[in-house]
$ cat coords.txt   # compact mmCIF, C-alpha atoms and all ligand atoms
# COMPACT_ATOMS: atom_id res chain seq x y z
CA MET A 1 0.00 0.00 0.00
CA PRO A 2 2.37 2.79 -1.13
CA LEU A 3 0.37 5.67 0.35
CA SER A 4 2.32 8.61 1.66
CA THR A 5 0.00 11.05 3.36
CA SER A 6 -2.49 10.82 6.15
CA ALA A 7 -5.29 12.01 3.83
CA GLU A 8 -4.44 9.30 1.26
CA ARG A 9 -4.48 6.64 3.98
CA ASN A 10 -7.85 7.88 5.23
CA SER A 11 -9.45 7.85 1.79
CA PHE A 12 -7.97 4.40 1.07
CA ALA A 13 -9.59 3.07 4.30
CA GLN A 14 -12.90 4.76 3.49
CA ASP A 15 -12.94 3.28 -0.02
CA LEU A 16 -12.10 -0.16 1.38
CA PHE A 17 -14.74 -0.16 4.15
CA THR A 18 -17.59 1.77 2.51
CA PRO A 19 -19.01 -1.26 0.62
CA LEU A 20 -18.54 -3.73 3.51
CA PRO A 21 -20.98 -2.96 6.36
CA ASP A 22 -23.91 -5.14 5.21
CA ARG A 23 -21.94 -8.35 5.54
CA TYR A 24 -19.12 -7.18 7.79
CA ASP A 25 -20.21 -8.75 11.07
CA ARG A 26 -20.93 -12.20 9.66
CA LEU A 27 -17.93 -12.37 7.34
CA ALA A 28 -15.47 -11.04 9.93
CA GLU A 29 -16.37 -14.09 12.02
CA ILE A 30 -16.39 -16.62 9.16
CA LEU A 31 -13.11 -15.43 7.64
CA SER A 32 -11.35 -15.46 11.02
CA PHE A 33 -12.62 -19.01 11.76
CA GLY A 34 -14.73 -17.60 14.60
CA GLN A 35 -11.63 -16.21 16.36
CA ASN A 36 -12.47 -12.50 16.05
CA GLY A 37 -15.07 -12.71 18.86
CA ARG A 38 -12.63 -14.52 21.15
CA TRP A 39 -9.91 -11.95 20.47
CA ARG A 40 -12.33 -9.10 21.19
CA ARG A 41 -13.29 -10.69 24.51
CA ALA A 42 -9.62 -10.97 25.49
CA MET A 43 -9.14 -7.28 24.67
CA VAL A 44 -12.28 -6.14 26.50
CA ALA A 45 -11.18 -8.17 29.55
CA GLN A 46 -8.26 -5.72 29.88
CA ILE A 47 -10.71 -2.84 30.38
CA VAL A 48 -12.38 -2.63 33.78
CA PRO A 49 -14.25 0.67 34.09
CA ALA A 50 -16.56 1.41 37.03
CA PRO A 51 -20.24 2.35 36.58
CA GLY A 52 -20.62 5.83 35.17
CA GLU A 53 -17.17 5.86 33.58
CA GLN A 54 -16.70 6.57 29.87
CA VAL A 55 -14.83 4.35 27.40
CA LEU A 56 -13.79 5.44 23.90
CA ASP A 57 -13.68 2.75 21.19
CA VAL A 58 -11.61 3.97 18.23
CA ALA A 59 -12.11 2.51 14.72
CA SER A 60 -15.40 1.28 16.10
CA GLY A 61 -16.79 0.28 12.69
CA THR A 62 -20.07 -1.58 13.08
CA ALA A 63 -19.80 -1.23 16.89
CA GLY A 64 -19.05 -4.88 17.72
CA VAL A 65 -16.45 -3.92 20.33
CA ALA A 66 -18.55 -1.02 21.65
CA ILE A 67 -21.49 -3.39 22.19
CA GLN A 68 -19.30 -5.92 23.97
CA LEU A 69 -17.83 -3.17 26.19
CA ALA A 70 -21.34 -1.98 27.13
CA ARG A 71 -22.50 -5.54 27.85
CA ARG A 72 -19.49 -6.53 29.93
CA THR A 73 -19.04 -3.33 31.92
CA ALA A 74 -21.36 -0.68 33.36
CA ALA A 75 -19.60 2.09 31.43
CA ARG A 76 -20.95 4.47 28.83
CA VAL A 77 -19.22 3.93 25.46
CA VAL A 78 -18.43 6.32 22.63
CA GLY A 79 -17.40 4.74 19.31
CA VAL A 80 -15.54 6.80 16.73
CA ASP A 81 -14.82 5.80 13.13
CA LEU A 82 -13.73 7.31 9.85
CA THR A 83 -16.29 5.57 7.62
CA GLU A 84 -19.86 6.81 7.84
CA GLN A 85 -21.33 3.65 6.28
CA MET A 86 -19.72 1.45 8.95
CA LEU A 87 -21.15 3.74 11.65
CA ARG A 88 -24.59 3.61 10.04
CA ARG A 89 -24.60 -0.17 10.37
CA GLY A 90 -23.18 0.23 13.88
CA ARG A 91 -26.17 2.40 14.87
CA VAL A 92 -28.53 -0.35 13.69
CA ASN A 93 -26.55 -2.95 15.66
CA VAL A 94 -26.58 -0.78 18.80
CA ALA A 95 -30.34 -0.22 18.55
CA ARG A 96 -30.95 -3.96 18.01
CA ALA A 97 -28.86 -4.70 21.10
CA GLY A 98 -31.05 -2.27 23.09
CA LEU A 99 -27.96 -0.25 24.06
CA GLY A 100 -28.83 3.10 22.46
CA GLY A 101 -28.87 4.74 25.89
CA ARG A 102 -25.27 3.73 26.68
CA ILE A 103 -23.46 3.81 23.32
CA GLY A 104 -22.98 6.83 21.09
CA LEU A 105 -21.27 6.62 17.67
CA VAL A 106 -19.56 9.61 16.09
CA ALA A 107 -17.56 10.23 12.92
CA GLY A 108 -13.90 11.14 13.39
CA ARG A 109 -10.27 10.35 12.66
CA ALA A 110 -7.99 8.59 15.14
CA GLU A 111 -5.22 10.99 14.08
CA GLN A 112 -7.23 13.98 15.34
CA LEU A 113 -9.89 12.92 17.81
CA PRO A 114 -12.80 15.31 18.35
CA PHE A 115 -12.49 15.21 22.16
CA PRO A 116 -10.73 17.31 24.83
CA ASP A 117 -7.63 16.08 26.68
CA ALA A 118 -8.17 13.40 29.37
CA SER A 119 -11.89 12.99 28.62
CA PHE A 120 -12.12 9.16 28.83
CA ASP A 121 -11.52 6.67 31.65
CA ALA A 122 -10.44 3.91 29.23
CA LEU A 123 -9.94 3.35 25.50
CA THR A 124 -9.93 0.46 23.03
CA PHE A 125 -8.85 0.39 19.38
CA THR A 126 -9.12 -2.46 16.92
CA TYR A 127 -7.45 -3.06 13.56
CA LEU A 128 -6.42 0.60 13.38
CA LEU A 129 -2.66 1.14 13.14
CA ARG A 130 -2.30 -0.50 9.69
CA TYR A 131 -4.53 2.26 8.31
CA VAL A 132 -2.71 5.30 9.66
CA ASP A 133 0.26 7.09 8.16
CA ASP A 134 2.10 7.67 11.44
CA PRO A 135 1.35 5.05 14.14
CA GLN A 136 3.53 6.83 16.72
CA ALA A 137 1.67 10.13 16.33
CA THR A 138 -1.68 8.32 16.37
CA LEU A 139 -0.79 6.53 19.62
CA ALA A 140 0.09 9.92 21.15
CA GLU A 141 -3.29 11.26 20.03
CA LEU A 142 -5.07 8.25 21.60
CA ALA A 143 -3.12 8.81 24.84
CA ARG A 144 -4.09 12.49 24.85
CA VAL A 145 -7.80 11.77 25.40
CA VAL A 146 -7.30 9.19 28.22
CA LYS A 147 -7.23 10.24 31.88
CA PRO A 148 -4.04 9.46 33.83
CA GLY A 149 -4.36 5.92 35.21
CA GLY A 150 -6.85 4.94 32.47
CA ARG A 151 -6.59 1.51 30.82
CA VAL A 152 -6.05 1.12 27.08
CA ALA A 153 -6.26 -2.11 25.05
CA SER A 154 -5.98 -2.94 21.37
CA LEU A 155 -6.50 -5.83 18.99
CA GLU A 156 -4.73 -6.36 15.67
CA PHE A 157 -4.02 -9.25 13.35
CA TYR A 158 -0.57 -10.78 13.69
CA VAL A 159 1.80 -13.07 11.79
CA PRO A 160 2.28 -16.42 13.59
CA PRO A 161 5.90 -16.56 14.87
CA SER A 162 6.32 -20.36 14.54
CA PRO A 163 7.47 -21.38 11.01
CA PRO A 164 4.88 -24.15 10.36
CA TRP A 165 1.98 -21.94 11.47
CA ARG A 166 3.44 -19.02 9.56
CA ALA A 167 3.48 -21.15 6.40
CA ALA A 168 -0.17 -22.14 6.96
CA TRP A 169 -1.06 -18.48 7.66
CA TRP A 170 0.68 -17.46 4.44
CA LEU A 171 -1.31 -19.99 2.43
CA TYR A 172 -4.55 -18.96 4.14
CA THR A 173 -4.11 -15.22 3.69
CA ARG A 174 -2.69 -15.34 0.15
CA ALA A 175 -5.02 -17.96 -1.36
CA LEU A 176 -7.94 -19.10 0.80
CA LEU A 177 -8.89 -15.70 2.22
CA PRO A 178 -9.32 -13.96 -1.17
CA LEU A 179 -11.18 -16.98 -2.59
CA GLY A 180 -13.30 -17.40 0.58
CA GLY A 181 -14.07 -13.67 0.45
CA LEU A 182 -15.12 -13.93 -3.18
CA ALA A 183 -17.31 -16.97 -2.52
CA THR A 184 -19.05 -15.51 0.54
CA GLY A 185 -19.12 -11.77 -0.12
CA GLY A 186 -18.45 -11.12 -3.83
CA ARG A 187 -16.00 -8.73 -5.47
CA GLU A 188 -15.60 -6.29 -2.54
CA TRP A 189 -14.66 -9.10 -0.18
CA PHE A 190 -12.25 -10.55 -2.74
CA THR A 191 -10.52 -7.14 -2.71
CA VAL A 192 -10.38 -7.15 1.11
CA GLY A 193 -9.20 -10.77 1.16
CA ARG A 194 -6.38 -9.96 -1.27
CA PHE A 195 -5.43 -6.81 0.62
CA LEU A 196 -5.33 -8.20 4.18
CA GLY A 197 -2.37 -10.64 4.11
CA PRO A 198 0.15 -8.26 2.49
CA SER A 199 -1.16 -5.40 4.68
CA ILE A 200 -0.54 -7.41 7.87
CA SER A 201 2.90 -8.75 6.93
CA GLY A 202 3.97 -5.37 5.51
CA HIS A 203 2.91 -3.64 8.73
CA TYR A 204 5.00 -5.96 10.94
CA ARG A 205 8.00 -5.72 8.62
CA ARG A 206 7.90 -1.95 9.10
CA TYR A 207 6.71 -1.92 12.72
CA PRO A 208 7.72 -5.11 14.60
CA VAL A 209 5.93 -5.76 17.91
CA SER A 210 8.99 -4.54 19.85
CA TRP A 211 8.75 -1.23 17.95
CA THR A 212 5.03 -0.96 18.77
CA GLU A 213 5.60 -1.71 22.48
CA GLN A 214 8.17 1.09 22.61
CA ALA A 215 5.80 3.38 20.67
CA TRP A 216 3.13 2.80 23.33
CA ARG A 217 5.64 3.72 26.06
CA ASP A 218 6.79 6.81 24.15
CA ALA A 219 3.14 7.84 23.76
CA GLY A 220 2.71 7.83 27.54
CA PHE A 221 1.61 4.30 28.51
CA THR A 222 3.14 2.16 31.25
CA GLY A 223 2.78 -1.56 32.04
CA VAL A 224 2.62 -2.34 28.30
CA GLY A 225 1.87 -6.01 27.64
CA THR A 226 1.07 -8.23 24.66
CA ARG A 227 -0.67 -11.56 24.20
CA PRO A 228 -0.58 -13.43 20.89
CA MET A 229 -3.92 -15.12 20.20
CA SER A 230 -4.77 -18.31 18.28
CA LEU A 231 -1.15 -19.38 17.61
CA GLY A 232 -0.30 -15.81 16.59
CA GLY A 233 -3.17 -14.96 14.24
CA GLY A 234 -4.13 -12.05 16.49
CA LEU A 235 -2.40 -9.82 19.01
CA VAL A 236 -3.95 -8.15 22.06
CA MET A 237 -1.98 -5.27 23.63
CA TRP A 238 -2.66 -3.23 26.74
CA GLY A 239 -1.22 -0.49 28.90
CA THR A 240 -2.08 2.20 31.43
CA ARG A 241 -1.99 5.94 30.78
CA SER A 242 0.88 7.25 32.85
CA GLY A 243 0.49 9.96 35.47
CA GLY A 244 -2.24 8.25 37.52
C1 LIG A 301 -11.45 -3.86 10.26
S1 LIG A 301 -12.53 -2.53 10.73
C2 LIG A 301 -12.70 -2.85 12.44
C3 LIG A 301 -14.03 -2.39 13.00
C4 LIG A 301 -14.26 -2.79 14.46
N1 LIG A 301 -13.24 -2.25 15.34
C5 LIG A 301 -14.31 -4.28 14.61
O1 LIG A 301 -13.46 -4.85 15.27
O2 LIG A 301 -15.24 -4.89 14.05
C6 LIG A 301 -11.42 -1.16 10.73
C7 LIG A 301 -12.15 0.17 10.92
O3 LIG A 301 -11.16 1.19 11.06
C8 LIG A 301 -11.70 2.38 10.52
N2 LIG A 301 -10.59 3.31 10.30
C9 LIG A 301 -9.57 3.18 9.42
N3 LIG A 301 -8.75 4.23 9.54
C10 LIG A 301 -9.23 5.02 10.53
C11 LIG A 301 -8.81 6.25 11.12
N4 LIG A 301 -7.71 6.85 10.69
N5 LIG A 301 -9.56 6.78 12.10
C12 LIG A 301 -10.69 6.16 12.54
N6 LIG A 301 -11.14 5.00 12.02
C13 LIG A 301 -10.43 4.44 11.02
C14 LIG A 301 -12.42 1.90 9.27
O4 LIG A 301 -13.37 2.84 8.83
C15 LIG A 301 -13.04 0.60 9.76
O5 LIG A 301 -14.35 0.78 10.22
$ encode --input "coords.txt" --output "structure tokens"
Amino acid sequence: MPLSTSAERNSFAQDLFTPLPDRYDRLAEILSFGQNGRWRRAMVAQIVPAPGEQVLDVASGTAGVAIQLARRTAARVVGVDLTEQMLRRGRVNVARAGLGGRIGLVAGRAEQLPFPDASFDALTFTYLLRYVDDPQATLAELARVVKPGGRVASLEFYVPPSPPWRAAWWLYTRALLPLGGLATGGREWFTVGRFLGPSISGHYRRYPVSWTEQAWRDAGFTGVGTRPMSLGGGLVMWGTRSGG
């Protein structure tokens, strides 16, 4: 993805996600062999807000994480996302879940969040850093809106570290994922299926996990930890906003 500016990255992500919302929730589960839900639960388990506290979910998409946060904690949740069509589907999902009173969804960019400093008690972000031009600056912007002592957790795809699993992952992402996407979701999902594998491996070539851990610390998080999921197909990260 040879995109050089933040604006180009944003419009690439919008073009990619705009046609997806109708089938997103079902296909995200099918194409991850049902692991996406498990990974989300492991991420949400890192967030433990008290009743009345506010959690921000960045790159909220169709609100799957926001809904899980609202169900598993007593917090109020704000979801923010770049793509209006994903949010539109998210609003339907939130209403169906009967959580309209506790979840609000707003349009916005992770690089420049429309919130004052230290306005949230906790924050989650999912599948975000591959879509931004400057992950370090974006992490600093995420840290800006979290109160000192607030918990932050993220979920991203990963490349399995063990060679046999990495070979299987390579085959899956380069061949089965595009074909599975085509068979289950048509042309748009073929495009996503073809994009995902190279996007994930390219991201970790440029930003290895050790780089990302240090980037979290430099952005103002302490106690940074990581947990590979499903033999390394996913990666949950967490930390605490320093200064608490
Ligand atoms: C793979 S989806 C994940 C959605 C949701 N977090 C989930 O787990 O189902 C990635 C989302 O990131 C959003 N996104 C991409 N770049 C973004 C940015 N710079 N700021 C905010 N959202 C962004 C896309 O619009 C898309 O909805």
$ residues_around --input "coords.txt" --residues "segment 199-206 of chain A" --least-positions-apart "6" --cutoff "10 Å" --atoms "only C-alpha atoms" --output "ChimeraX atom specification"
/A:1,127,129-131,156-159,170,173,212
$ residues_around --input "coords.txt" --residues "Thr240 of chain A" --least-positions-apart "3" --cutoff "9 Å" --atoms "only C-alpha atoms" --output "VMD selection string"
chain A and resid 122 148 to 153 220 to 224 244
$ write_last_selection --input "coords.txt" --atoms "C-alpha atoms" --output "PDB file, keeping the file's coordinate frame"
ATOM      1  CA  ALA A 122     -10.440   3.910  29.230  1.00  0.00           C
ATOM      2  CA  PRO A 148      -4.040   9.460  33.830  1.00  0.00           C
ATOM      3  CA  GLY A 149      -4.360   5.920  35.210  1.00  0.00           C
ATOM      4  CA  GLY A 150      -6.850   4.940  32.470  1.00  0.00           C
ATOM      5  CA  ARG A 151      -6.590   1.510  30.820  1.00  0.00           C
ATOM      6  CA  VAL A 152      -6.050   1.120  27.080  1.00  0.00           C
ATOM      7  CA  ALA A 153      -6.260  -2.110  25.050  1.00  0.00           C
ATOM      8  CA  GLY A 220       2.710   7.830  27.540  1.00  0.00           C
ATOM      9  CA  PHE A 221       1.610   4.300  28.510  1.00  0.00           C
ATOM     10  CA  THR A 222       3.140   2.160  31.250  1.00  0.00           C
ATOM     11  CA  GLY A 223       2.780  -1.560  32.040  1.00  0.00           C
ATOM     12  CA  VAL A 224       2.620  -2.340  28.300  1.00  0.00           C
ATOM     13  CA  GLY A 244      -2.240   8.250  37.520  1.00  0.00           C
TER      14      GLY A 244
END
$ axis_aligned_box --input "coords.txt" --around "ligand LIG 301 (chain A)" --padding-each-side "3 Å" --output "AutoDock Vina command-line options"
--center_x -11.5 --center_y 1.0 --center_z 12.1 --size_x 13.5 --size_y 17.7 --size_z 12.5
$ atom_distance --input "coords.txt" --atom1 "atom CA of Thr138 of chain A" --atom2 "atom CA of Gly37 of chain A"
25.1 Å
$ residues_near_ligand --input "coords.txt" --ligand "ligand LIG 301 (chain A)" --cutoff "7 Å" --atoms "all atoms listed in the file" --output "JSON, numbers by chain"
{"A": [10, 13, 14, 17, 25, 58, 59, 60, 61, 62, 63, 64, 65, 80, 81, 82, 83, 86, 108, 109, 110, 111, 125, 126, 127, 128, 131, 132]}
$ atom_distance --input "coords.txt" --atom1 "atom CA of Arg23 of chain A" --atom2 "atom CA of Leu235 of chain A"
23.8 Å
$ atom_distance --input "coords.txt" --atom1 "atom CA of Leu87 of chain A" --atom2 "atom CA of Ile103 of chain A"
11.9 Å
$ residues_around --input "coords.txt" --residues "Ala168 of chain A" --least-positions-apart "4" --cutoff "12 Å" --atoms "all atoms listed in the file" --output "PDB file with C-alpha atoms, keeping the file's coordinate frame"
ATOM      1  CA  VAL A 159       1.800 -13.070  11.790  1.00  0.00           C
ATOM      2  CA  PRO A 160       2.280 -16.420  13.590  1.00  0.00           C
ATOM      3  CA  PRO A 161       5.900 -16.560  14.870  1.00  0.00           C
ATOM      4  CA  SER A 162       6.320 -20.360  14.540  1.00  0.00           C
ATOM      5  CA  PRO A 163       7.470 -21.380  11.010  1.00  0.00           C
ATOM      6  CA  PRO A 164       4.880 -24.150  10.360  1.00  0.00           C
ATOM      7  CA  TYR A 172      -4.550 -18.960   4.140  1.00  0.00           C
ATOM      8  CA  THR A 173      -4.110 -15.220   3.690  1.00  0.00           C
ATOM      9  CA  ARG A 174      -2.690 -15.340   0.150  1.00  0.00           C
ATOM     10  CA  ALA A 175      -5.020 -17.960  -1.360  1.00  0.00           C
ATOM     11  CA  LEU A 176      -7.940 -19.100   0.800  1.00  0.00           C
ATOM     12  CA  LEU A 177      -8.890 -15.700   2.220  1.00  0.00           C
ATOM     13  CA  LEU A 231      -1.150 -19.380  17.610  1.00  0.00           C
ATOM     14  CA  GLY A 232      -0.300 -15.810  16.590  1.00  0.00           C
ATOM     15  CA  GLY A 233      -3.170 -14.960  14.240  1.00  0.00           C
TER      16      GLY A 233
END
$ closest_residue --input "coords.txt" --among "A:Ser6, A:Glu213, A:Arg166, A:Gly225" --to "Gly197 of chain A" --atoms "all atoms listed in the file"
A:Arg166
$ residues_around --input "coords.txt" --residues "Gln68 of chain A" --least-positions-apart "6" --cutoff "9 Å" --atoms "only C-alpha atoms" --output "tab-separated table (two decimals) with C-alpha atoms, keeping the file's coordinate frame"
chain	number	residue	atom	x	y	z
A	40	ARG	CA	-12.33	-9.10	21.19
A	41	ARG	CA	-13.29	-10.69	24.51
A	44	VAL	CA	-12.28	-6.14	26.50
